[in-house]
file coords.cif (mmCIF, C-alpha atoms and all ligand atoms)
data_input
#
loop_
_atom_site.label_atom_id
_atom_site.label_comp_id
_atom_site.auth_asym_id
_atom_site.auth_seq_id
_atom_site.Cartn_x
_atom_site.Cartn_y
_atom_site.Cartn_z
CA MET A 197 0.00 0.00 0.00
CA ALA A 198 1.21 3.49 -0.83
CA ASP A 199 2.61 5.51 2.12
CA LYS A 200 0.32 8.58 2.15
CA THR A 201 2.58 10.49 4.55
CA LYS A 202 5.25 10.75 1.88
CA THR A 203 4.87 13.24 -0.94
CA PRO A 204 6.06 11.88 -4.29
CA ALA A 205 9.54 13.01 -5.31
CA PRO A 206 9.39 15.88 -7.81
CA PRO A 207 10.21 14.77 -11.34
CA LYS A 208 13.91 15.07 -12.13
CA PRO A 209 14.88 18.02 -14.33
CA VAL A 210 15.86 17.10 -17.86
CA THR A 211 19.52 17.82 -18.58
CA VAL A 212 21.82 17.37 -21.54
CA ALA A 213 23.00 14.13 -19.88
CA THR A 214 19.36 12.95 -19.68
CA LEU A 215 19.02 13.35 -23.46
CA LEU A 216 22.16 11.30 -24.12
CA ASP A 217 20.88 8.65 -21.76
CA MET A 218 17.49 8.64 -23.52
CA LYS A 219 19.25 8.04 -26.85
CA ARG A 220 21.28 5.19 -25.38
CA LYS A 221 18.14 3.58 -23.94
CA GLY A 222 16.03 4.19 -27.07
CA VAL A 223 13.58 6.47 -25.23
CA LYS A 224 12.18 9.08 -27.64
CA ILE A 225 12.58 12.78 -26.80
CA ALA A 226 9.51 15.08 -27.03
CA MET A 227 10.49 18.68 -27.81
CA LEU A 228 8.08 21.54 -28.50
CA THR A 229 8.43 25.26 -29.12
CA ALA A 230 7.10 27.67 -26.50
CA TYR A 231 7.23 31.44 -26.56
CA ASP A 232 5.37 32.45 -23.41
CA PHE A 233 4.57 31.58 -19.80
CA PRO A 234 1.20 29.79 -20.26
CA THR A 235 2.43 27.60 -23.13
CA ALA A 236 5.51 26.62 -21.14
CA ARG A 237 3.31 25.66 -18.16
CA LEU A 238 0.97 23.66 -20.35
CA ALA A 239 3.76 21.87 -22.23
CA GLU A 240 5.50 20.91 -19.00
CA GLU A 241 2.28 19.65 -17.44
CA ALA A 242 1.74 17.53 -20.57
CA GLY A 243 5.22 16.00 -20.20
CA VAL A 244 7.38 17.75 -22.80
CA ASP A 245 11.11 17.04 -22.26
CA VAL A 246 12.65 19.98 -24.10
CA LEU A 247 11.17 23.45 -24.56
CA LEU A 248 12.55 25.39 -27.52
CA VAL A 249 12.18 29.14 -27.62
CA GLY A 250 12.51 29.10 -31.39
CA ASP A 251 13.22 32.13 -33.50
CA SER A 252 10.00 31.00 -35.21
CA VAL A 253 8.63 33.42 -32.58
CA GLY A 254 9.22 35.99 -35.35
CA MET A 255 6.44 34.48 -37.43
CA THR A 256 4.20 32.93 -34.78
CA LYS A 257 4.05 35.86 -32.33
CA LEU A 258 5.70 38.96 -33.83
CA GLY A 259 4.18 39.06 -37.32
CA TYR A 260 7.47 38.94 -39.25
CA GLU A 261 7.60 37.18 -42.62
CA SER A 262 10.62 35.08 -41.67
CA THR A 263 12.94 34.44 -38.73
CA LEU A 264 15.55 36.89 -40.08
CA PRO A 265 14.43 40.11 -38.28
CA VAL A 266 14.36 38.50 -34.81
CA THR A 267 16.83 40.11 -32.37
CA VAL A 268 18.62 38.85 -29.27
CA ASP A 269 16.50 41.24 -27.16
CA GLU A 270 13.29 39.74 -28.56
CA MET A 271 14.61 36.21 -27.92
CA LEU A 272 15.49 37.24 -24.38
CA HIS A 273 12.02 38.66 -23.68
CA HIS A 274 10.38 35.37 -24.71
CA THR A 275 13.02 33.13 -23.11
CA LYS A 276 12.47 34.84 -19.75
CA ALA A 277 8.70 34.25 -20.00
CA VAL A 278 9.17 30.56 -20.86
CA LYS A 279 11.69 30.21 -18.02
CA ARG A 280 9.10 31.51 -15.54
CA GLY A 281 6.68 28.81 -16.75
CA SER A 282 9.06 25.86 -16.68
CA SER A 283 10.86 23.87 -14.04
CA ARG A 284 11.53 20.36 -15.35
CA ALA A 285 12.11 20.65 -19.09
CA LEU A 286 15.46 21.50 -20.66
CA LEU A 287 15.14 25.07 -21.94
CA VAL A 288 16.80 25.77 -25.29
CA ALA A 289 16.88 29.23 -26.88
CA ASP A 290 17.57 29.91 -30.54
CA MET A 291 20.45 32.16 -31.48
CA PRO A 292 18.84 34.58 -33.94
CA TYR A 293 20.25 35.53 -37.35
CA LEU A 294 23.48 37.60 -37.17
CA SER A 295 23.95 36.99 -33.45
CA TYR A 296 26.67 34.37 -34.06
CA GLU A 297 27.78 34.14 -37.70
CA VAL A 298 30.06 37.18 -38.05
CA ASP A 299 32.36 36.86 -35.06
CA PRO A 300 32.55 34.13 -32.37
CA LYS A 301 32.78 36.99 -29.82
CA ASP A 302 29.22 38.02 -30.81
CA ALA A 303 28.15 34.41 -30.33
CA VAL A 304 29.69 34.27 -26.86
CA ARG A 305 27.96 37.52 -25.85
CA SER A 306 24.54 36.52 -27.31
CA ALA A 307 24.59 33.02 -25.86
CA GLY A 308 25.84 34.34 -22.53
CA ARG A 309 22.87 36.72 -22.34
CA LEU A 310 20.36 33.99 -23.26
CA MET A 311 21.78 31.81 -20.47
CA LYS A 312 22.56 34.43 -17.80
CA GLU A 313 19.61 36.82 -18.27
CA GLY A 314 17.11 34.48 -19.97
CA GLY A 315 17.76 31.35 -17.93
CA ALA A 316 18.25 29.07 -20.96
CA HIS A 317 20.09 25.80 -20.38
CA ALA A 318 21.36 25.56 -23.96
CA VAL A 319 21.28 27.44 -27.27
CA LYS A 320 20.66 26.32 -30.85
CA VAL A 321 22.60 27.49 -33.90
CA GLU A 322 21.95 26.77 -37.57
CA GLY A 323 24.57 25.43 -40.00
CA GLY A 324 27.31 22.84 -40.42
CA LYS A 325 31.06 23.03 -40.95
CA GLU A 326 31.06 26.85 -41.15
CA VAL A 327 29.74 27.25 -37.56
CA ALA A 328 31.96 24.58 -35.96
CA PRO A 329 34.60 27.08 -34.68
CA THR A 330 31.82 29.17 -33.10
CA ILE A 331 30.29 26.10 -31.47
CA LYS A 332 33.70 25.26 -29.97
CA GLU A 333 33.94 28.80 -28.54
CA LEU A 334 30.49 28.44 -26.94
CA ILE A 335 31.39 25.11 -25.41
CA ARG A 336 34.62 26.66 -24.09
CA ILE A 337 32.44 29.01 -21.97
CA ASN A 338 30.19 26.09 -20.90
CA VAL A 339 27.22 26.75 -23.17
CA PRO A 340 25.61 23.49 -24.34
CA VAL A 341 24.80 23.77 -28.05
CA PHE A 342 22.11 22.17 -30.23
CA GLY A 343 22.98 22.11 -33.95
CA HIS A 344 20.41 22.49 -36.72
CA LEU A 345 20.82 21.02 -40.24
CA GLY A 346 18.69 20.49 -43.34
CA LEU A 347 16.16 23.24 -43.95
CA THR A 348 17.70 25.91 -41.77
CA PRO A 349 15.15 28.77 -41.90
CA GLN A 350 17.77 31.52 -41.50
CA SER A 351 19.08 30.45 -44.95
CA VAL A 352 15.65 30.66 -46.62
CA ASN A 353 16.82 33.25 -49.15
CA ARG A 354 19.78 31.14 -50.23
CA PHE A 355 17.54 28.05 -50.56
CA GLY A 356 14.94 30.06 -52.51
CA GLY A 357 12.10 29.01 -50.21
CA TYR A 358 11.20 26.47 -47.55
CA LYS A 359 12.20 23.32 -49.45
CA VAL A 360 13.14 19.77 -48.46
CA GLN A 361 16.96 19.50 -48.25
CA GLY A 362 19.31 16.56 -48.83
CA ARG A 363 17.34 14.77 -51.55
CA ARG A 364 20.29 14.57 -53.98
CA PRO A 365 23.09 12.11 -52.98
CA GLU A 366 25.74 14.88 -52.83
CA ASP A 367 23.51 17.03 -50.56
CA ALA A 368 22.72 14.04 -48.35
CA GLU A 369 26.43 13.29 -48.03
CA ARG A 370 27.13 16.91 -47.01
CA ILE A 371 24.45 16.73 -44.29
CA VAL A 372 25.93 13.49 -42.90
CA THR A 373 29.41 15.07 -42.90
CA ASP A 374 28.11 18.27 -41.26
CA ALA A 375 26.31 16.25 -38.58
CA ARG A 376 29.57 14.46 -37.72
CA ILE A 377 31.43 17.78 -37.64
CA LEU A 378 28.81 19.24 -35.25
CA GLU A 379 29.16 16.21 -32.99
CA ALA A 380 32.97 16.49 -33.04
CA ALA A 381 32.68 20.23 -32.27
CA GLY A 382 30.81 19.30 -29.09
CA CYS A 383 27.09 19.72 -29.89
CA CYS A 384 24.80 17.87 -27.47
CA ALA A 385 22.03 17.26 -30.06
CA VAL A 386 21.21 18.05 -33.67
CA VAL A 387 17.86 19.17 -35.07
CA LEU A 388 17.20 17.79 -38.57
CA GLU A 389 14.58 19.80 -40.42
CA CYS A 390 12.83 18.76 -43.63
CA VAL A 391 15.14 16.03 -44.85
CA PRO A 392 14.23 12.61 -46.28
CA ALA A 393 13.44 10.00 -43.63
CA ASP A 394 16.17 7.60 -44.83
CA LEU A 395 18.80 10.36 -44.54
CA ALA A 396 17.65 11.20 -40.99
CA LYS A 397 17.87 7.49 -40.16
CA GLU A 398 21.45 7.34 -41.44
CA VAL A 399 22.48 10.47 -39.46
CA THR A 400 20.80 9.09 -36.33
CA LYS A 401 22.68 5.81 -36.71
CA ARG A 402 26.04 7.53 -37.19
CA LEU A 403 25.83 9.90 -34.18
CA GLN A 404 26.22 9.22 -30.46
CA ILE A 405 24.28 12.44 -29.70
CA PRO A 406 20.50 12.57 -30.22
CA THR A 407 18.87 13.76 -33.44
CA ILE A 408 15.59 15.67 -33.12
CA GLY A 409 13.49 15.64 -36.28
CA ILE A 410 10.95 18.03 -37.73
CA GLY A 411 9.77 16.83 -41.12
CA ALA A 412 12.54 14.22 -40.93
CA GLY A 413 10.53 11.01 -40.51
CA PRO A 414 10.18 8.58 -37.63
CA HIS A 415 13.76 7.38 -37.11
CA CYS A 416 15.18 10.37 -35.20
CA ASP A 417 15.83 10.09 -31.46
CA GLY A 418 13.18 12.74 -30.82
CA GLN A 419 10.70 15.03 -32.52
CA VAL A 420 10.03 18.77 -32.37
CA LEU A 421 7.04 20.74 -33.65
CA VAL A 422 6.11 24.41 -33.59
CA SER A 423 3.43 24.60 -30.90
CA ASP A 424 1.22 27.01 -32.86
CA ASP A 425 1.22 24.59 -35.83
CA MET A 426 0.36 21.44 -33.88
CA LEU A 427 -2.32 23.23 -31.85
CA GLY A 428 -3.89 24.69 -35.01
CA LEU A 429 -3.28 28.30 -33.92
CA SER A 430 -1.49 29.45 -37.06
CA GLU A 431 -3.33 30.84 -40.08
CA SER A 432 -1.12 29.03 -42.59
CA GLY A 433 -2.49 25.97 -44.33
CA PRO A 434 -1.43 22.42 -43.50
CA THR A 435 2.23 21.49 -44.04
CA LYS A 436 2.89 17.83 -44.89
CA PHE A 437 5.04 17.15 -41.82
CA VAL A 438 2.84 18.90 -39.24
CA LYS A 439 0.17 16.87 -37.48
CA ARG A 440 -2.61 19.10 -36.15
CA TYR A 441 -3.50 17.73 -32.73
CA ALA A 442 -6.12 20.48 -32.17
CA ASP A 443 -7.88 23.26 -34.03
CA LEU A 444 -7.63 26.08 -31.51
CA ARG A 445 -7.79 28.97 -34.01
CA GLU A 446 -11.12 27.71 -35.35
CA ARG A 447 -12.51 27.38 -31.81
CA ALA A 448 -11.19 30.77 -30.68
CA LEU A 449 -12.57 32.46 -33.81
CA LYS A 450 -16.01 31.02 -33.06
CA ALA A 451 -15.84 32.10 -29.40
CA VAL A 452 -14.74 35.69 -30.16
CA GLY A 453 -17.36 35.98 -32.93
CA GLU A 454 -20.06 34.87 -30.50
CA TYR A 455 -18.84 37.42 -27.92
CA CYS A 456 -19.02 40.24 -30.51
CA ARG A 457 -22.56 39.21 -31.50
CA GLU A 458 -23.75 39.07 -27.86
CA VAL A 459 -22.21 42.48 -27.05
CA ARG A 460 -23.92 44.02 -30.08
CA GLU A 461 -27.33 42.48 -29.37
CA GLY A 462 -27.03 43.29 -25.61
CA SER A 463 -27.26 39.73 -24.30
CA PHE A 464 -23.80 39.96 -22.67
CA PRO A 465 -23.28 40.73 -19.83
CA GLY A 466 -26.32 38.99 -18.33
CA PRO A 467 -27.42 39.26 -14.68
CA GLU A 468 -25.05 36.38 -13.76
CA HIS A 469 -22.07 38.50 -14.89
CA SER A 470 -23.24 41.75 -13.19
CA PHE A 471 -22.98 43.08 -9.61
CA SER A 472 -25.80 44.60 -7.56
CA SER A 473 -25.55 47.39 -4.98
CA GLU A 474 -26.13 46.80 -1.25
CA LYS A 475 -29.71 47.75 -0.32
O1 LIG A 501 12.54 28.23 -34.57
C1 LIG A 501 12.04 27.10 -34.50
O2 LIG A 501 10.86 26.90 -34.17
C2 LIG A 501 12.88 25.96 -34.85
C3 LIG A 501 12.22 24.62 -35.01
C4 LIG A 501 11.52 24.57 -36.31
C5 LIG A 501 13.16 23.51 -34.84
O3 LIG A 501 14.05 26.11 -35.04
#

call {"tool": "encode", "arguments": {"input": "coords.cif", "output": "structure tokens"}}
result
Amino acid sequence: MADKTKTPAPPKPVTVATLLDMKRKGVKIAMLTAYDFPTARLAEEAGVDVLLVGDSVGMTKLGYESTLPVTVDEMLHHTKAVKRGSSRALLVADMPYLSYEVDPKDAVRSAGRLMKEGGAHAVKVEGGKEVAPTIKELIRINVPVFGHLGLTPQSVNRFGGYKVQGRRPEDAERIVTDARILEAAGCCAVVLECVPADLAKEVTKRLQIPTIGIGAGPHCDGQVLVSDDMLGLSESGPTKFVKRYADLRERALKAVGEYCREVREGSFPGPEHSFSSEK
């Protein structure tokens, strides 16, 4: 019989070491983006292992057309909010465009702020071989780094759109090589975005560190989705790799429409929502 005098131990916080252990044991990692306090609370309560404050915040919350305009200050604002809503999950913050590519000193300063002021446990940078020296600099100052390969959204203009990457054998080979370079540089995980499932499988097999897929098939060590997409909050149409687990925009639209109608016809507020004076 359970001892009711004892409170259950709080769940252990997820660390970089936990993720490596999960890979070794074949336990899949559930990662989700969060940009604010309530979403972080909800995701943690639902059991998410890794919360990513993605620079997708630019599109989902700030109304930008791409991730390119997002600044370190904007990332910090949202990282702090997510931090306040989380206690167990590993908190990863994206390094936004131009905060790390020009000079490793910029990278050290930006990552340092996301960790020290924002409370992130790790940062994520996009790219392969070309960012390896920067990744080494970050690890030198004890910043755990997630890599990101395949469709890296900060390169959207070079790719000419949001297109699947690594379909041609030479591109696939480059992604495998880049993944090994990121691992050798010290990354603790690699996000693989929009690459063929067989390529993601090959990368996952070749690395000791976990791969986290988005549009990369079922063989990665974990999966990540943009929370607004999987909850059906975004206006954009369905993308092949996103599963919509809810249709919140549709429901919210209906609720707000109903509110507007009731205000206009005078049926809200009713007596049950109104106060009376003392007699
Ligand atoms: O910014 C983001 O949401 C991301 C995910 C798509 C992995 O980088």

call {"tool": "residues_around", "arguments": {"input": "coords.cif", "residues": "region 386-396 of chain A", "least_positions_apart": "4", "cutoff": "8 Å", "atoms": "all atoms listed in the file", "output": "ChimeraX atom specification"}}
result
/A:342-348,359-363,368,372,375,378,400,405-416

call {"tool": "write_last_selection", "arguments": {"input": "coords.cif", "atoms": "C-alpha atoms", "output": "tab-separated table (two decimals), in the coordinates of the input"}}
result
chain	number	residue	atom	x	y	z
A	342	PHE	CA	22.11	22.17	-30.23
A	343	GLY	CA	22.98	22.11	-33.95
A	344	HIS	CA	20.41	22.49	-36.72
A	345	LEU	CA	20.82	21.02	-40.24
A	346	GLY	CA	18.69	20.49	-43.34
A	347	LEU	CA	16.16	23.24	-43.95
A	348	THR	CA	17.70	25.91	-41.77
A	359	LYS	CA	12.20	23.32	-49.45
A	360	VAL	CA	13.14	19.77	-48.46
A	361	GLN	CA	16.96	19.50	-48.25
A	362	GLY	CA	19.31	16.56	-48.83
A	363	ARG	CA	17.34	14.77	-51.55
A	368	ALA	CA	22.72	14.04	-48.35
A	372	VAL	CA	25.93	13.49	-42.90
A	375	ALA	CA	26.31	16.25	-38.58
A	378	LEU	CA	28.81	19.24	-35.25
A	400	THR	CA	20.80	9.09	-36.33
A	405	ILE	CA	24.28	12.44	-29.70
A	406	PRO	CA	20.50	12.57	-30.22
A	407	THR	CA	18.87	13.76	-33.44
A	408	ILE	CA	15.59	15.67	-33.12
A	409	GLY	CA	13.49	15.64	-36.28
A	410	ILE	CA	10.95	18.03	-37.73
A	411	GLY	CA	9.77	16.83	-41.12
A	412	ALA	CA	12.54	14.22	-40.93
A	413	GLY	CA	10.53	11.01	-40.51
A	414	PRO	CA	10.18	8.58	-37.63
A	415	HIS	CA	13.76	7.38	-37.11
A	416	CYS	CA	15.18	10.37	-35.20

call {"tool": "residues_around", "arguments": {"input": "coords.cif", "residues": "region 303-315 of chain A", "least_positions_apart": "5", "cutoff": "7 Å", "atoms": "all atoms listed in the file", "output": "PyMOL selection string"}}
result
chain A and resi 268+272+275-276+279+289+295-296+330+334

call {"tool": "residues_near_ligand", "arguments": {"input": "coords.cif", "ligand": "ligand LIG 501 (chain A)", "cutoff": "6 Å", "atoms": "all atoms listed in the file", "output": "PyMOL selection string"}}
result
chain A and resi 229+250-252+422

call {"tool": "atom_distance", "arguments": {"input": "coords.cif", "atom1": "CA of Arg336 (chain A)", "atom2": "CA of Ala213 (chain A)"}}
result
17.6 Å

call {"tool": "closest_residue", "arguments": {"input": "coords.cif", "among": "A:Lys439, A:Lys325, A:Arg457, A:Arg445", "to": "Leu421 (chain A)", "atoms": "only C-alpha atoms"}}
result
A:Lys439

call {"tool": "residues_around", "arguments": {"input": "coords.cif", "residues": "Val319 (chain A)", "least_positions_apart": "4", "cutoff": "6 Å", "atoms": "all atoms listed in the file", "output": "ChimeraX atom specification"}}
result
/A:288-290,341

call {"tool": "closest_residue", "arguments": {"input": "coords.cif", "among": "A:Asp299, A:Glu468, A:Glu366, A:Asp424", "to": "Tyr231 (chain A)", "atoms": "only C-alpha atoms"}}
result
A:Asp424

call {"tool": "residues_around", "arguments": {"input": "coords.cif", "residues": "Asn338 (chain A)", "least_positions_apart": "5", "cutoff": "10 Å", "atoms": "only C-alpha atoms", "output": "ChimeraX atom specification"}}
result
/A:308,318,332-333

call {"tool": "atom_distance", "arguments": {"input": "coords.cif", "atom1": "CA of Gly418 (chain A)", "atom2": "CA of Ala226 (chain A)"}}
result
5.8 Å

call {"tool": "atom_distance", "arguments": {"input": "coords.cif", "atom1": "CA of Ala230 (chain A)", "atom2": "CA of Pro340 (chain A)"}}
result
19.1 Å

call {"tool": "closest_residue", "arguments": {"input": "coords.cif", "among": "A:Asp302, A:Glu240, A:Glu431, A:Glu474", "to": "Leu286 (chain A)", "atoms": "all atoms listed in the file"}}
result
A:Glu240
